[in-house]
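Engineer: Below is one structure. I have some questions about it.
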Amino acid sequence: MDNKRKIRVRFAPSPTGLFTMGNARTALFNYLFAKKNKGKFILRIEDTDIERSEKKYEKDIIESLKWLGLDWDEGPIYQSERTEIYQQYIKKLLDSGQAFYCDHTKKELEKEKKEQIDKKQAPRHICNKFEIRNSKFENKKKGIIRFRCPDKKVVFDDLIRGKLEFNGSLLGDISIAKDKQTPLYNFTAAIDDAEMQISHVIRGEDHISNTPKQILIQEALELKSSQFAHLPLILGPDKSKMSKRHGAISVGEYQKQGYLSEALVNFMVLLGWNPGTEKEIFNLEELIKEFSLERVHKGGAIFNLQRLDWINGQYIKNMDTNELTEKCLPYLPKGTELKFAKKVVALEKERIKKLSEIGELTKFFFNDELEYDPELLIWKKMSLKEVKNNLEILEKKLSKTEDFDQKSLEDLMIPLREKYGTGELLWPLRVALSGQSNSPGPFEIMEILGKEKTLKRIKKAIKKVSL
RNA sequence: GGCCCCAUCGUCUAGUGGUUAGGACGUUAGCUUCUCAUGCUAGUAACCGGGGUUCGACUCCCCGUGGGGCUACCA
């Protein structure tokens with residue numbers, strides 16, 4: 001343990017798919033740990049697999065990180081641009097005889113594995129050509145490059161899980177590069193974490209079994225290892241690792257649906273961590289202050305969309321209306337005036353869980369030709385005739401006033417409500433204005449609609465019940 | 001099959017030997033109310049099992065059980 005070491009952490013995604021919740025949470029925990037400890041947060045793109053790496057995924061990662069507010073201090077560093085560095089280390093291993101070329105075919109490898117499983121042994125490749133390839137006389141450079149894991153115990157202290165122990169001999173000869181120019185994951189990760197002076201490797205639990213391999217490679221090269229912290233996984237409803245088959249969607253997709261980045265961050269951080277108090281809504285600054293790896297859980301956490309929705313709703317409800325309106329604009333009809341949008345958003349902000357819902361909820365404001373069943377105008381056991389009568393009274397009363405603000409309208413209605421009944425009056429009015437069984441209150445709607453449109457809609461409703 | 005990890009309400013979790021096992025989401029009921037939503041109040045619901053250790057285990061140890069991860073010339 002070296003507590004004096006400068007804190008440097010990295011988030012190291014591979015651009016082989018869209019940026020997921022799991023990626024985001026790993027990035028977040030790294031970010032929080034770095035900020036909390038006044039360290040550096042490094043973004044490293046692990047694009048050694050040229051077949052599967054794509055520019056669009058890399059773009060998605062970077063945009064999502066920015067959107068979430070997880071800014072990095074160094075990088076992005078691309079592994080594909082570091083081939084020369086890896087090459088030197090491969091050579092070192094080759095020269096020292098710790099690595100060698102192995103040209104067993106996939107078929108042979110599979111057969112070996114199958115036999116091992118049948119014999120209830122650990123499946124691993126132990127190359128019978130190791131000795132030959134390592135002799136000075138044999139210089140055959142065919143096949144892939146493997147590293148023989150020494151037969152020793154590998155022990156490391158995981159910051160979240162405590163002491164973890166592995167047996168090196170059970171690992172066998174692991175692949176570290178396809179050739180000198182094409183290194184593989186476990187090798188590049190080991191090299192880079194050491195080269196970049198990464199103090200803490202904070203990553204998903206699915207990497208636990210890679211850790212001893214990487215440590216062994218570092219030891220063989222006399223490189224310094226990082227401390228490790230393996231995060232619990234985010235699980236799907238069936239408790240298995242969250243994936244597309246659970247309908248898992250990318251962070252960008254959540255953004256499109258109208259989840260706020262702050263809400264997403266807040267939701268994610270609570271998956272496997274809590275501050276030990278009952279506080280559960282916090283912004284990034286507060287999280288940086290409160291965060292500690294010691295309070296991270298060991299068990300996986302099931303992704304619960306309802307909870308995300310609730311948190312998102314909380315953020316929307318508490319957000320400044322001006323700011324919220326800006327964010328809602330893309331979900332409102334094209335050309336909606338900002339001033340008008342603001343009124344509508346203010347009215348609905350307590351009703352939406354995600355921004356995308358604003359369009360559907362407010363469409364009646366933008367549509368002057370509402371289609372609805374006249375029966376909908378009926379409150380409880382009223383007759384159509386009563387409905388018509390009440391609407392006519394309302395029309396008459398409203399046409400005589402110019403004060404179309406909510407308060408004045410409410411005052412105006414007080415005597416009428418006493419006479420005709422609140423529900424009997426307000427339900428038909430509200431339906432006439434919104435065309436919907438559920439909506440904000442009639443006074444709020446009238447204020448936004450204004451006198452002219454209000455009267456027009458009431459007249460239309462009267463016509464509907466007259467037929 | 002092998003190696004490894006994990007285990008408190010349906011879900012996210014608090015809890016570090018003595019608690020009426022707490023909170024939140026969801027859900028149920030009620031209040032507010034013309035409807036919906038918000039808000040408020042109340043209710044529902046958990047320590048995987050078996051052994052130890054101890055005066056006393058949700059908490060510590062062991063063994064089961066269950067779930068999960070890894071097991072590539074992917075990362």
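Labeling convention for the structure tokens: chains A, B, ... as they appear, residues from 1 per chain, ligands from 1 in order of appearance.
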Using only C-alpha atoms (C1' of nucleotides), find which residues of chain B lie within 12 Å of chain A and jot them down as number ranges by chain.
Structural biologist: B: 1-7, 10-15, 22-26, 33-39, 67-75
Engineer: Neighbouring residues of Asn312 (chain A) were defined as those with any atom within 7 Å, considering only C-alpha atoms (C1' of nucleotides); residues of the same chain fewer than 3 positions away were excluded. Please report them as a PDB file with N, CA and C atoms, in the first residue's frame.
Structural biologist:
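That gives us part19.pdb:
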ATOM      1  N   TYR A 259     -34.619  12.165 -20.019  1.00  0.00           N
ATOM      2  CA  TYR A 259     -34.095  12.048 -18.666  1.00  0.00           C
ATOM      3  C   TYR A 259     -33.026  13.110 -18.520  1.00  0.00           C
ATOM      4  N   LEU A 260     -32.951  13.714 -17.364  1.00  0.00           N
ATOM      5  CA  LEU A 260     -31.968  14.755 -17.120  1.00  0.00           C
ATOM      6  C   LEU A 260     -30.664  14.106 -16.655  1.00  0.00           C
ATOM      7  N   ALA A 263     -30.346  13.704 -12.976  1.00  0.00           N
ATOM      8  CA  ALA A 263     -31.186  12.640 -12.429  1.00  0.00           C
ATOM      9  C   ALA A 263     -30.542  11.280 -12.667  1.00  0.00           C
ATOM     10  N   LEU A 308     -35.867   5.395 -11.272  1.00  0.00           N
ATOM     11  CA  LEU A 308     -35.256   6.416 -12.134  1.00  0.00           C
ATOM     12  C   LEU A 308     -36.313   7.457 -12.493  1.00  0.00           C
ATOM     13  N   ASP A 309     -37.488   6.986 -12.866  1.00  0.00           N
ATOM     14  CA  ASP A 309     -38.572   7.892 -13.240  1.00  0.00           C
ATOM     15  C   ASP A 309     -38.926   8.825 -12.092  1.00  0.00           C
ATOM     16  N   TYR A 315     -36.414  15.918 -10.125  1.00  0.00           N
ATOM     17  CA  TYR A 315     -35.552  16.950 -10.711  1.00  0.00           C
ATOM     18  C   TYR A 315     -36.342  17.909 -11.585  1.00  0.00           C
ATOM     19  N   ILE A 316     -37.274  17.357 -12.341  1.00  0.00           N
ATOM     20  CA  ILE A 316     -38.079  18.193 -13.225  1.00  0.00           C
ATOM     21  C   ILE A 316     -38.928  19.154 -12.404  1.00  0.00           C
ATOM     22  N   LYS A 353     -42.697  12.923 -15.927  1.00  0.00           N
ATOM     23  CA  LYS A 353     -41.582  12.187 -15.333  1.00  0.00           C
ATOM     24  C   LYS A 353     -40.361  12.281 -16.238  1.00  0.00           C
ATOM     25  N   LYS A 354     -40.613  12.494 -17.514  1.00  0.00           N
ATOM     26  CA  LYS A 354     -39.508  12.726 -18.447  1.00  0.00           C
ATOM     27  C   LYS A 354     -39.957  13.760 -19.465  1.00  0.00           C
TER      28      LYS A 354
END
Engineer: Identify which of the residues A:Leu409, A:Ile458, A:Ile42, A:Leu449 lies closest to Ile7 (chain A), counting only C-alpha atoms when measuring atom-to-atom distances.
Structural biologist: A:Ile42
Engineer: Please return as a list in words: the residues of region 90-182 of chain A that backbone DSSP assigns to helix (DSSP H, G or I).
Structural biologist: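 Output for region 90-182 of chain A, helix (DSSP H, G or I) only: Ile90, Lys91, Lys92, Leu93, Leu94, Asp95, Lys106, Lys107, Glu108, Leu109, Glu110, Lys111, Glu112, Lys113, Lys114, Glu115, Gln116, Ile117, Asp118, Phe130, Glu131, Ile132, Arg133, Asn134, Gly168, Ser169 and Leu170 of chain A.
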Engineer: Quick one: residues within 10 Å of region 247-250 of chain A, only C-alpha atoms (C1' of nucleotides) counted, chain neighbours fewer than 4 positions away excluded, as a PyMOL selection string?
Structural biologist: chain A and resi 17-24+60-61+64+236+242-243+254-256+303
Engineer: Could you state the separation of CA of Glu402 (chain A) and CA of Lys456 (chain A) in Å, given to one decimal place?
Structural biologist: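 CA of Lys456 (chain A) lies at a distance of 15.0 Å from CA of Glu402 (chain A).
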Engineer: If you run DSSP on the backbone, which residues of region 102-188 of chain A are strand (DSSP E), as a PDB file with C-alpha atoms, in the first residue's frame?
Structural biologist:
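Result file follows (result36.pdb):
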ATOM      1  CA  CYS A 102       2.095 -20.363 -29.831  1.00  0.00           C
ATOM      2  CA  ILE A 144      -0.010 -15.623 -31.267  1.00  0.00           C
ATOM      3  CA  ILE A 145       2.083 -14.423 -28.413  1.00  0.00           C
ATOM      4  CA  ARG A 146       1.373 -15.904 -25.026  1.00  0.00           C
ATOM      5  CA  PHE A 147       2.582 -15.187 -21.563  1.00  0.00           C
ATOM      6  CA  ARG A 148       3.136 -18.047 -19.181  1.00  0.00           C
ATOM      7  CA  LYS A 153      -0.208 -17.110  -5.608  1.00  0.00           C
ATOM      8  CA  VAL A 154      -1.459 -13.716  -6.639  1.00  0.00           C
ATOM      9  CA  VAL A 155      -2.919 -11.746  -3.791  1.00  0.00           C
ATOM     10  CA  PHE A 156      -4.310  -8.261  -3.958  1.00  0.00           C
ATOM     11  CA  ASP A 157      -6.305  -6.124  -1.644  1.00  0.00           C
ATOM     12  CA  ASP A 158      -9.504  -4.976  -3.288  1.00  0.00           C
ATOM     13  CA  GLY A 162     -10.898  -7.037   0.699  1.00  0.00           C
ATOM     14  CA  LYS A 163      -8.229  -9.653   0.138  1.00  0.00           C
ATOM     15  CA  LEU A 164      -8.585 -11.627  -3.089  1.00  0.00           C
ATOM     16  CA  GLU A 165      -6.427 -14.634  -3.886  1.00  0.00           C
ATOM     17  CA  PHE A 166      -5.721 -16.463  -7.108  1.00  0.00           C
ATOM     18  CA  ASN A 167      -3.477 -19.253  -8.190  1.00  0.00           C
ATOM     19  CA  ASP A 173      -0.514 -19.420 -20.932  1.00  0.00           C
ATOM     20  CA  ILE A 174      -2.615 -16.391 -21.592  1.00  0.00           C
ATOM     21  CA  SER A 175      -2.762 -14.563 -24.892  1.00  0.00           C
ATOM     22  CA  ILE A 176      -1.214 -11.126 -24.782  1.00  0.00           C
ATOM     23  CA  ALA A 177      -0.905 -10.212 -28.459  1.00  0.00           C
ATOM     24  CA  LYS A 178      -1.822 -11.456 -31.871  1.00  0.00           C
ATOM     25  CA  ASP A 179       1.587 -10.291 -33.046  1.00  0.00           C
ATOM     26  CA  THR A 182      -1.408  -6.186 -32.200  1.00  0.00           C
ATOM     27  CA  PRO A 183      -1.568  -6.418 -28.425  1.00  0.00           C
TER      28      PRO A 183
END
Engineer: C9 (chain B): which residues within 10 Å, counting only C-alpha atoms (C1' of nucleotides), same-chain residues fewer than 3 positions away excluded, as a PyMOL selection string?
Structural biologist: chain B and resi 44-47
Engineer: Could you save the residues just selected, with C-alpha atoms (C1' of nucleotides), as a compact mmCIF listing (two decimals), in the first residue's frame?
Structural biologist:
# COMPACT_ATOMS: atom_id res chain seq x y z
C1' U B 44 -48.27 -3.46 3.44
C1' A B 45 -43.66 -5.92 3.17
C1' A B 46 -37.26 -8.30 4.69
C1' C B 47 -32.65 -10.42 7.91
Engineer: What does the structure give for the distance between CA of Ile217 (chain A) and CA of Gln88 (chain A), in Å to one decimal?
Structural biologist: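 If I compute the distance from CA of Ile217 (chain A) to CA of Gln88 (chain A), I get 13.7 Å.
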Engineer: Quick one: everything within 7 Å of region 27-32 of chain A, counting only C-alpha atoms (C1' of nucleotides), minus sequence neighbours fewer than 2 positions away in the same chain. Send it as an MDAnalysis selection string.
Structural biologist: chainID A and resid 9:11 23:25 34:36 41 70 202 288 291
Engineer: List the neighbours of region 16-20 of chain B out to 7 Å using only C-alpha atoms (C1' of nucleotides); skip same-chain residues closer than 5 positions along the sequence, and give me the result as number ranges by chain.
Structural biologist: B: 56-57, 59
Engineer: Give me, please, the distance in Å between CA of Glu84 (chain A) and CA of Thr188 (chain A), quoted to one decimal.
Structural biologist: 11.4 Å
Engineer: Please provide the set of residues having any atom within 12 Å of C62 (chain B), restricted to only C-alpha atoms (C1' of nucleotides), with same-chain residues fewer than 5 positions apart removed, written as a PyMOL selection string.
Structural biologist: chain B and resi 50-53
